[in-house]
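S.K.: My structure is stored as entry-v4.cif, with mmCIF, C-alpha atoms.
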data_data
#
loop_
_atom_site.label_atom_id
_atom_site.label_comp_id
_atom_site.auth_asym_id
_atom_site.auth_seq_id
_atom_site.Cartn_x
_atom_site.Cartn_y
_atom_site.Cartn_z
CA MET T 1 -16.94 -5.18 -18.49
CA HIS T 2 -17.27 -7.21 -15.29
CA PRO T 3 -20.44 -6.20 -13.34
CA PHE T 4 -18.41 -5.51 -10.17
CA ALA T 5 -16.12 -3.10 -12.01
CA LEU T 6 -19.11 -1.45 -13.71
CA LEU T 7 -20.88 -0.97 -10.37
CA GLN T 8 -17.83 0.82 -8.98
CA ARG T 9 -17.96 3.30 -11.83
CA LEU T 10 -21.55 4.16 -10.93
CA VAL T 11 -21.36 4.51 -7.14
CA PRO T 12 -20.17 7.78 -5.53
CA GLN T 13 -16.75 6.40 -4.56
CA HIS T 14 -15.52 9.30 -2.45
CA GLY T 15 -18.85 9.99 -0.74
CA LEU T 16 -19.38 6.35 0.17
CA SER T 17 -15.81 5.98 1.39
CA ARG T 18 -15.95 9.07 3.61
CA CYS T 19 -19.33 8.07 5.05
CA LEU T 20 -18.12 4.60 5.98
CA GLY T 21 -14.86 6.14 7.16
CA ALA T 22 -16.77 8.14 9.75
CA PHE T 23 -18.16 4.92 11.23
CA ALA T 24 -14.70 3.34 11.19
CA ALA T 25 -13.29 6.32 13.11
CA SER T 26 -16.11 6.35 15.68
CA GLU T 27 -15.04 5.87 19.30
CA ASN T 28 -18.58 5.01 20.35
CA GLY T 29 -18.34 1.76 22.30
CA VAL T 30 -21.29 0.08 20.64
CA VAL T 31 -20.21 1.02 17.12
CA LYS T 32 -16.59 -0.02 17.52
CA ARG T 33 -17.46 -3.34 19.19
CA LEU T 34 -19.97 -4.18 16.47
CA LEU T 35 -17.53 -3.39 13.66
CA ILE T 36 -14.47 -5.02 15.23
CA ASN T 37 -16.21 -8.21 16.32
CA ALA T 38 -17.98 -8.61 12.99
CA PHE T 39 -14.71 -8.12 11.10
CA LYS T 40 -12.77 -10.52 13.31
CA SER T 41 -15.45 -13.15 12.82
CA ALA T 42 -15.81 -12.68 9.07
CA TYR T 43 -12.06 -12.79 8.35
CA ARG T 44 -11.00 -15.10 11.21
CA ILE T 45 -8.35 -12.67 12.39
CA ASP T 46 -5.61 -14.27 14.48
CA MET T 47 -4.55 -11.68 17.06
CA THR T 48 -1.58 -13.60 18.48
CA GLU T 49 0.94 -11.47 16.53
CA PHE T 50 -0.62 -8.12 17.36
CA GLU T 51 -0.90 -5.57 20.11
CA GLY T 52 -4.35 -5.73 21.69
CA ASP T 53 -6.92 -8.49 21.66
CA THR T 54 -10.55 -7.51 22.26
CA ALA T 55 -12.52 -4.52 20.96
CA GLU T 56 -11.96 -2.76 24.28
CA ASP T 57 -8.22 -2.58 23.51
CA PHE T 58 -8.79 -0.21 20.57
CA GLU T 59 -10.17 3.33 20.43
CA SER T 60 -12.03 2.66 17.16
CA PHE T 61 -12.31 0.22 14.28
CA ASN T 62 -9.53 2.18 12.58
CA GLY T 63 -7.32 1.57 15.59
CA PHE T 64 -8.01 -2.15 15.32
CA PHE T 65 -7.54 -2.25 11.57
CA THR T 66 -4.15 -0.53 11.77
CA ARG T 67 -3.12 -2.52 14.85
CA GLY T 68 0.59 -2.77 15.52
CA LEU T 69 2.70 -5.90 15.65
CA LEU T 70 4.18 -7.34 18.80
CA PRO T 71 7.98 -7.03 18.98
CA ASP T 72 9.85 -9.50 16.72
CA SER T 73 6.67 -10.58 14.90
CA ARG T 74 8.35 -9.63 11.61
CA SER T 75 12.10 -10.21 11.79
CA MET T 76 14.50 -8.96 9.13
CA PRO T 77 16.90 -11.36 7.37
CA ASP T 78 20.50 -11.41 8.59
CA ASP T 79 21.87 -10.70 5.10
CA PRO T 80 22.07 -6.89 4.66
CA GLY T 81 22.12 -7.35 0.89
CA LEU T 82 18.50 -8.47 0.77
CA VAL T 83 15.58 -6.18 -0.08
CA VAL T 84 12.43 -7.11 1.85
CA SER T 85 8.72 -6.95 1.29
CA PRO T 86 7.22 -3.66 2.54
CA ALA T 87 3.89 -5.29 3.42
CA ASP T 88 1.95 -8.44 4.19
CA GLY T 89 -0.09 -9.49 1.19
CA THR T 90 -0.15 -11.21 -2.19
CA VAL T 91 2.09 -10.37 -5.13
CA SER T 92 -0.20 -9.43 -8.00
CA GLN T 93 2.60 -8.64 -10.48
CA ALA T 94 6.40 -8.44 -10.42
CA GLY T 95 9.21 -8.25 -12.95
CA PRO T 96 11.01 -5.86 -15.27
CA ILE T 97 9.70 -2.46 -16.25
CA ALA T 98 9.68 -2.51 -20.05
CA ALA T 99 10.25 0.84 -21.77
CA GLY T 100 8.56 2.72 -18.96
CA ARG T 101 5.53 0.45 -18.66
CA LEU T 102 4.43 -1.94 -15.89
CA MET T 103 2.18 -4.96 -16.04
CA GLN T 104 -1.15 -4.51 -14.22
CA ALA T 105 -2.76 -7.79 -15.30
CA LYS T 106 -2.69 -9.99 -18.36
CA GLY T 107 -3.28 -7.74 -21.36
CA ARG T 108 -3.20 -4.52 -19.33
CA GLU T 109 -0.21 -2.24 -18.84
CA TYR T 110 0.24 1.32 -17.61
CA ALA T 111 2.98 3.94 -17.64
CA VAL T 112 5.47 4.57 -14.84
CA ALA T 113 5.33 8.30 -15.58
CA GLU T 114 1.55 8.39 -15.12
CA LEU T 115 1.73 6.32 -11.93
CA LEU T 116 4.27 8.76 -10.45
CA GLY T 117 2.27 11.83 -11.38
CA GLY T 118 4.39 12.94 -14.32
CA ASN T 119 7.50 13.60 -12.25
CA ASP T 120 10.93 13.69 -13.86
CA PHE T 121 12.42 10.88 -11.76
CA ALA T 122 10.10 8.41 -13.53
CA ALA T 123 12.67 8.32 -16.34
CA ASP T 124 15.24 6.80 -13.97
CA LEU T 125 12.88 3.88 -13.28
CA ALA T 126 11.74 3.31 -16.87
CA ASP T 127 13.91 0.20 -17.36
CA GLY T 128 14.08 -1.06 -13.79
CA SER T 129 12.03 -3.61 -11.90
CA PHE T 130 8.87 -3.57 -9.78
CA VAL T 131 6.74 -5.52 -7.33
CA THR T 132 3.02 -4.92 -6.77
CA ILE T 133 1.58 -6.23 -3.49
CA TYR T 134 -2.14 -6.38 -2.76
CA LEU T 135 -3.23 -6.17 0.87
CA ALA T 136 -6.50 -8.02 1.44
CA PRO T 137 -8.78 -6.89 4.29
CA HIS T 138 -7.48 -9.61 6.63
CA ASN T 139 -3.83 -8.63 6.16
CA TYR T 140 -1.69 -6.53 8.50
CA HIS T 141 -2.11 -3.01 7.13
CA ARG T 142 1.01 -1.11 8.09
CA PHE T 143 3.77 -0.78 5.49
CA HIS T 144 7.52 -0.69 6.01
CA ALA T 145 10.76 0.29 4.27
CA PRO T 146 12.08 -2.45 1.93
CA CYS T 147 15.63 -1.13 2.41
CA SER T 148 17.45 1.70 4.16
CA GLY T 149 17.08 5.14 2.67
CA ARG T 150 16.16 8.80 3.01
CA LEU T 151 12.80 10.22 2.02
CA LEU T 152 13.50 12.83 -0.65
CA GLU T 153 9.97 13.76 -1.65
CA SER T 154 6.33 12.78 -1.12
CA ILE T 155 3.77 13.43 -3.84
CA GLU T 156 0.05 13.40 -3.07
CA ILE T 157 -2.05 12.54 -6.12
CA PRO T 158 -5.86 12.74 -5.99
CA GLY T 159 -7.89 10.28 -8.02
CA ARG T 160 -10.60 7.67 -8.12
CA LEU T 161 -11.23 5.05 -5.44
CA PHE T 162 -11.75 1.82 -7.34
CA SER T 163 -11.31 -1.36 -5.34
CA VAL T 164 -7.84 -2.81 -5.97
CA ASN T 165 -8.64 -6.53 -5.96
CA GLY T 166 -8.05 -9.02 -8.76
CA VAL T 167 -11.34 -8.27 -10.52
CA THR T 168 -10.66 -4.57 -10.95
CA GLU T 169 -7.02 -5.22 -11.88
CA ARG T 170 -8.27 -7.33 -14.79
CA HIS T 171 -11.12 -5.05 -15.86
CA VAL T 172 -10.26 -1.40 -15.03
CA ASP T 173 -7.69 0.07 -17.39
CA ARG T 174 -4.75 1.91 -15.75
CA LEU T 175 -6.23 1.19 -12.32
CA PHE T 176 -3.26 2.20 -10.16
CA ALA T 177 -2.55 5.33 -12.20
CA ARG T 178 -6.17 6.45 -11.75
CA ASN T 179 -6.69 5.84 -8.04
CA GLU T 180 -5.74 8.26 -5.27
CA ARG T 181 -2.16 7.54 -4.22
CA LEU T 182 0.89 8.75 -2.34
CA VAL T 183 4.25 8.48 -4.10
CA LEU T 184 7.40 8.33 -1.97
CA ARG T 185 10.74 9.07 -3.67
CA ILE T 186 13.45 7.51 -1.54
CA GLY T 187 17.22 7.78 -1.88
CA ALA T 188 19.14 4.56 -1.16
CA SER T 189 22.71 3.35 -1.57
CA PHE T 190 21.97 2.19 -5.15
CA GLY T 191 20.12 5.34 -6.23
CA GLU T 192 16.53 6.47 -5.99
CA TYR T 193 13.54 4.17 -5.82
CA ALA T 194 9.80 4.78 -5.46
CA MET T 195 7.19 3.33 -3.15
CA VAL T 196 3.63 4.01 -4.28
CA LEU T 197 0.77 3.65 -1.80
CA VAL T 198 -2.55 3.24 -3.57
CA GLY T 199 -5.84 4.11 -1.87
CA ALA T 200 -9.09 2.35 -2.68
CA MET T 201 -12.80 2.01 -2.01
CA ILE T 202 -14.44 2.21 1.46
CA VAL T 203 -12.17 4.28 3.73
CA ALA T 204 -9.30 5.11 1.39
CA SER T 205 -7.11 6.82 3.94
CA ILE T 206 -3.32 6.66 4.08
CA ARG T 207 -1.34 7.84 7.08
CA VAL T 208 2.42 8.20 7.48
CA THR T 209 4.82 8.25 10.42
CA TRP T 210 6.17 11.77 9.88
CA PRO T 211 4.39 15.16 9.84
CA GLY T 212 3.13 15.53 6.31
CA PRO T 213 0.49 14.36 3.87
CA SER T 214 -2.98 13.48 5.08
CA SER T 215 -5.51 11.92 2.72
CA PRO T 216 -7.89 12.55 1.06
CA TYR T 217 -5.75 14.53 -1.38
CA ARG T 218 -7.37 17.61 -2.91
CA GLN T 219 -4.73 18.42 -5.50
CA GLN T 220 -1.39 17.06 -6.63
CA THR T 221 1.12 18.32 -4.10
CA SER T 222 4.85 17.70 -3.71
CA ARG T 223 6.49 17.96 -0.28
CA VAL T 224 10.18 17.80 0.62
CA PRO T 225 10.39 16.60 4.24
CA GLN T 226 13.22 17.38 6.62
CA GLU T 227 15.49 14.47 7.47
CA VAL T 228 13.14 11.49 7.33
CA LEU T 229 15.35 8.40 7.42
CA PHE T 230 14.35 4.74 7.23
CA GLU T 231 16.24 1.63 8.19
CA ARG T 232 15.20 -1.59 6.47
CA GLY T 233 11.95 -2.74 8.08
CA ASP T 234 11.09 0.59 9.70
CA GLU T 235 7.40 1.46 9.73
CA VAL T 236 6.53 4.03 7.06
CA GLY T 237 2.76 4.30 7.52
CA ALA T 238 -0.57 2.51 7.42
CA PHE T 239 -3.64 2.01 5.24
CA LEU T 240 -7.21 2.27 6.44
CA LEU T 241 -8.75 -0.56 4.40
CA GLY T 242 -8.29 -0.98 0.62
CA SER T 243 -4.68 -0.92 -0.38
CA THR T 244 -1.84 -1.82 -2.72
CA VAL T 245 1.88 -1.10 -2.44
CA ILE T 246 4.02 -0.80 -5.59
CA VAL T 247 7.81 -0.64 -5.26
CA LEU T 248 9.87 0.43 -8.27
CA PHE T 249 13.66 0.05 -8.45
CA PRO T 250 16.07 1.61 -10.98
CA ASP T 251 17.75 -0.43 -13.72
CA GLY T 252 20.53 -2.70 -12.47
CA ALA T 253 19.88 -2.03 -8.77
CA VAL T 254 17.93 -5.07 -7.55
CA ASP T 255 17.61 -8.64 -8.79
CA LEU T 256 14.12 -9.81 -7.89
CA ALA T 257 13.83 -13.21 -6.24
CA GLU T 258 12.44 -15.98 -8.45
CA ALA T 259 9.89 -16.80 -5.75
CA ILE T 260 8.36 -13.33 -6.05
CA ALA T 261 5.80 -14.12 -8.73
CA PRO T 262 2.09 -13.40 -9.21
CA GLY T 263 0.09 -15.21 -6.54
CA SER T 264 2.95 -15.62 -4.05
CA THR T 265 2.32 -14.63 -0.44
CA VAL T 266 4.70 -12.24 1.31
CA ARG T 267 5.07 -10.72 4.76
CA VAL T 268 7.02 -7.73 6.00
CA GLY T 269 10.60 -8.98 6.03
CA THR T 270 10.19 -11.60 3.28
CA PRO T 271 13.17 -11.21 0.90
CA ILE T 272 11.95 -9.96 -2.49
CA GLY T 273 15.32 -9.29 -4.09
CA THR T 274 19.05 -8.80 -3.75
CA PHE T 275 21.15 -5.68 -4.21
CA VAL T 276 23.27 -5.88 -7.36
CA SER T 277 26.87 -5.26 -6.30
#
Would you mind giving the structure from this file in structure tokens?
M.R.:
Amino acid sequence: MHPFALLQRLVPQHGLSRCLGAFAASENGVVKRLLINAFKSAYRIDMTEFEGDTAEDFESFNGFFTRGLLPDSRSMPDDPGLVVSPADGTVSQAGPIAAGRLMQAKGREYAVAELLGGNDFAADLADGSFVTIYLAPHNYHRFHAPCSGRLLESIEIPGRLFSVNGVTERHVDRLFARNERLVLRIGASFGEYAMVLVGAMIVASIRVTWPGPSSPYRQQTSRVPQEVLFERGDEVGAFLLGSTVIVLFPDGAVDLAEAIAPGSTVRVGTPIGTFVS
């Protein structure tokens, strides 16, 4: 096993993440300036697309990390038949779901049913298609709706907090089905699809735009919200640090774009597929 993956098995993932999360949430001026300025310098963050500029414009490091976009920074395509990327990041895997299993990395697969917490609607996605998008620390960390729909159910699933980078994808078996995650079941014109928001090491918090789940998750819990509707491109929520978004579509619903392949870079609004008419 890779030493980095082995180390993550040994460290107290939740304790470390919550401890560092407290610093990230601190509104102390010295703490937030130190964290924000160090992060901006280390990752060469370009703030021209975002609300705010200096550390003084944010209440905490978390506020900076989940900074919002300026209007029109991520425009949607004119064609209403296109499905768009829900996040800025790098495609780690994409393609068909084969007999209820998804590709995690070369030589590693995992089950849709396990990823979705054993829920019945996993069967409707067992022969569909999927896209997995990794959000690196420097990426914009809010996520958006890939197409219009209605939130039918949210499922909070507790779990581990392995990092979700390329190393752990290659060396930690069933990574995304083991980490803490929030599953969103969304009804669209073509049927139901799922958007899975995977937490990870360090802060591991996921927030959403409607009253509902708040991580960390203590037990698997299903919630049926009242009238939560999304238009394509609407903000759905945000990650506080480590994160991956997995979108799963039912069989025959979406043709994935050829350009959406492992290693390709996407942004919110990038077409990732086309509705099958």
S.K.: Looking at T:Gly252, T:Phe65, T:Arg181, T:Thr265, which one is nearest to T:Asp127, with distances taken over all atoms listed in the file?
M.R.: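 Looking only at the distances to T:Asp127, the closest residue turns out to be T:Gly252.
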S.K.: Which residues come within 8 Å of T:Asp251, counting all atoms listed in the file, excluding same-chain residues fewer than 5 positions away, as a list in words?
M.R.: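 Listing them by chain and then by number gives Asp124, Leu125, Ala126, Asp127, Gly128 and Ser129 of chain T.
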S.K.: Hey, which of T:Asp72, T:Glu192, T:Glu49, T:Glu59 ends up closest to T:Arg33? Count all atoms listed in the file.
M.R.: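 So, comparing all the options, the nearest one is T:Glu59.
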S.K.: Do a neighbour search on T:Thr66 at 7 Å with all atoms listed in the file, toss out local chain neighbours closer than 6 positions, and write the hits as a list in words.
M.R.: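 Residues meeting the cut-off are His141, Arg142, Ala238 and Leu240 of chain T.
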S.K.: Residues as selected, C-alpha atoms, written as a short mmCIF file (atom, residue, chain, number, x, y, z; two decimals), in the frame of the given file, can you do that?
M.R.:
data_model
loop_
_atom_site.label_atom_id
_atom_site.label_comp_id
_atom_site.auth_asym_id
_atom_site.auth_seq_id
_atom_site.Cartn_x
_atom_site.Cartn_y
_atom_site.Cartn_z
CA HIS T 141 -2.11 -3.01 7.13
CA ARG T 142 1.01 -1.11 8.09
CA ALA T 238 -0.57 2.51 7.42
CA LEU T 240 -7.21 2.27 6.44
#
S.K.: Specify the axis-aligned box that encloses all atoms of stretch 171-181 of chain T listed in the file after padding of 4 Å on each side, stating its centre and edge lengths in Å to one decimal as lines of an AutoDock Vina configuration file.
M.R.:
center_x = -6.6
center_y = 1.6
center_z = -10.8
size_x = 17.0
size_y = 21.3
size_z = 21.2
S.K.: Would you mind telling me which residue in T:Arg267, T:His138, T:Arg108, T:Arg218 lies nearest to T:Lys40 when using all atoms listed in the file?
M.R.: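 Distance minimum relative to T:Lys40 lands on T:His138.
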S.K.: Please identify all polymer residues within 9 Å of stretch 110-119 of chain T, counting only C-alpha atoms, omitting same-chain residues fewer than 5 positions from it, and present them as an mmCIF file with C-alpha atoms, in the frame of the given file.
M.R.:
data_model
loop_
_atom_site.group_PDB
_atom_site.id
_atom_site.type_symbol
_atom_site.label_atom_id
_atom_site.label_comp_id
_atom_site.auth_asym_id
_atom_site.auth_seq_id
_atom_site.Cartn_x
_atom_site.Cartn_y
_atom_site.Cartn_z
ATOM 1 C CA ILE T 97 9.700 -2.460 -16.250
ATOM 2 C CA ALA T 99 10.250 0.840 -21.770
ATOM 3 C CA GLY T 100 8.560 2.720 -18.960
ATOM 4 C CA ARG T 101 5.530 0.450 -18.660
ATOM 5 C CA LEU T 102 4.430 -1.940 -15.890
ATOM 6 C CA MET T 103 2.180 -4.960 -16.040
ATOM 7 C CA GLN T 104 -1.150 -4.510 -14.220
ATOM 8 C CA LEU T 125 12.880 3.880 -13.280
ATOM 9 C CA ALA T 126 11.740 3.310 -16.870
ATOM 10 C CA ILE T 155 3.770 13.430 -3.840
ATOM 11 C CA GLU T 156 0.050 13.400 -3.070
ATOM 12 C CA ILE T 157 -2.050 12.540 -6.120
ATOM 13 C CA ASP T 173 -7.690 0.070 -17.390
ATOM 14 C CA ARG T 174 -4.750 1.910 -15.750
ATOM 15 C CA LEU T 175 -6.230 1.190 -12.320
ATOM 16 C CA PHE T 176 -3.260 2.200 -10.160
ATOM 17 C CA ALA T 177 -2.550 5.330 -12.200
ATOM 18 C CA ARG T 178 -6.170 6.450 -11.750
ATOM 19 C CA ARG T 181 -2.160 7.540 -4.220
ATOM 20 C CA LEU T 182 0.890 8.750 -2.340
ATOM 21 C CA VAL T 183 4.250 8.480 -4.100
ATOM 22 C CA ALA T 194 9.800 4.780 -5.460
ATOM 23 C CA VAL T 196 3.630 4.010 -4.280
ATOM 24 C CA GLN T 220 -1.390 17.060 -6.630
ATOM 25 C CA LEU T 248 9.870 0.430 -8.270
#
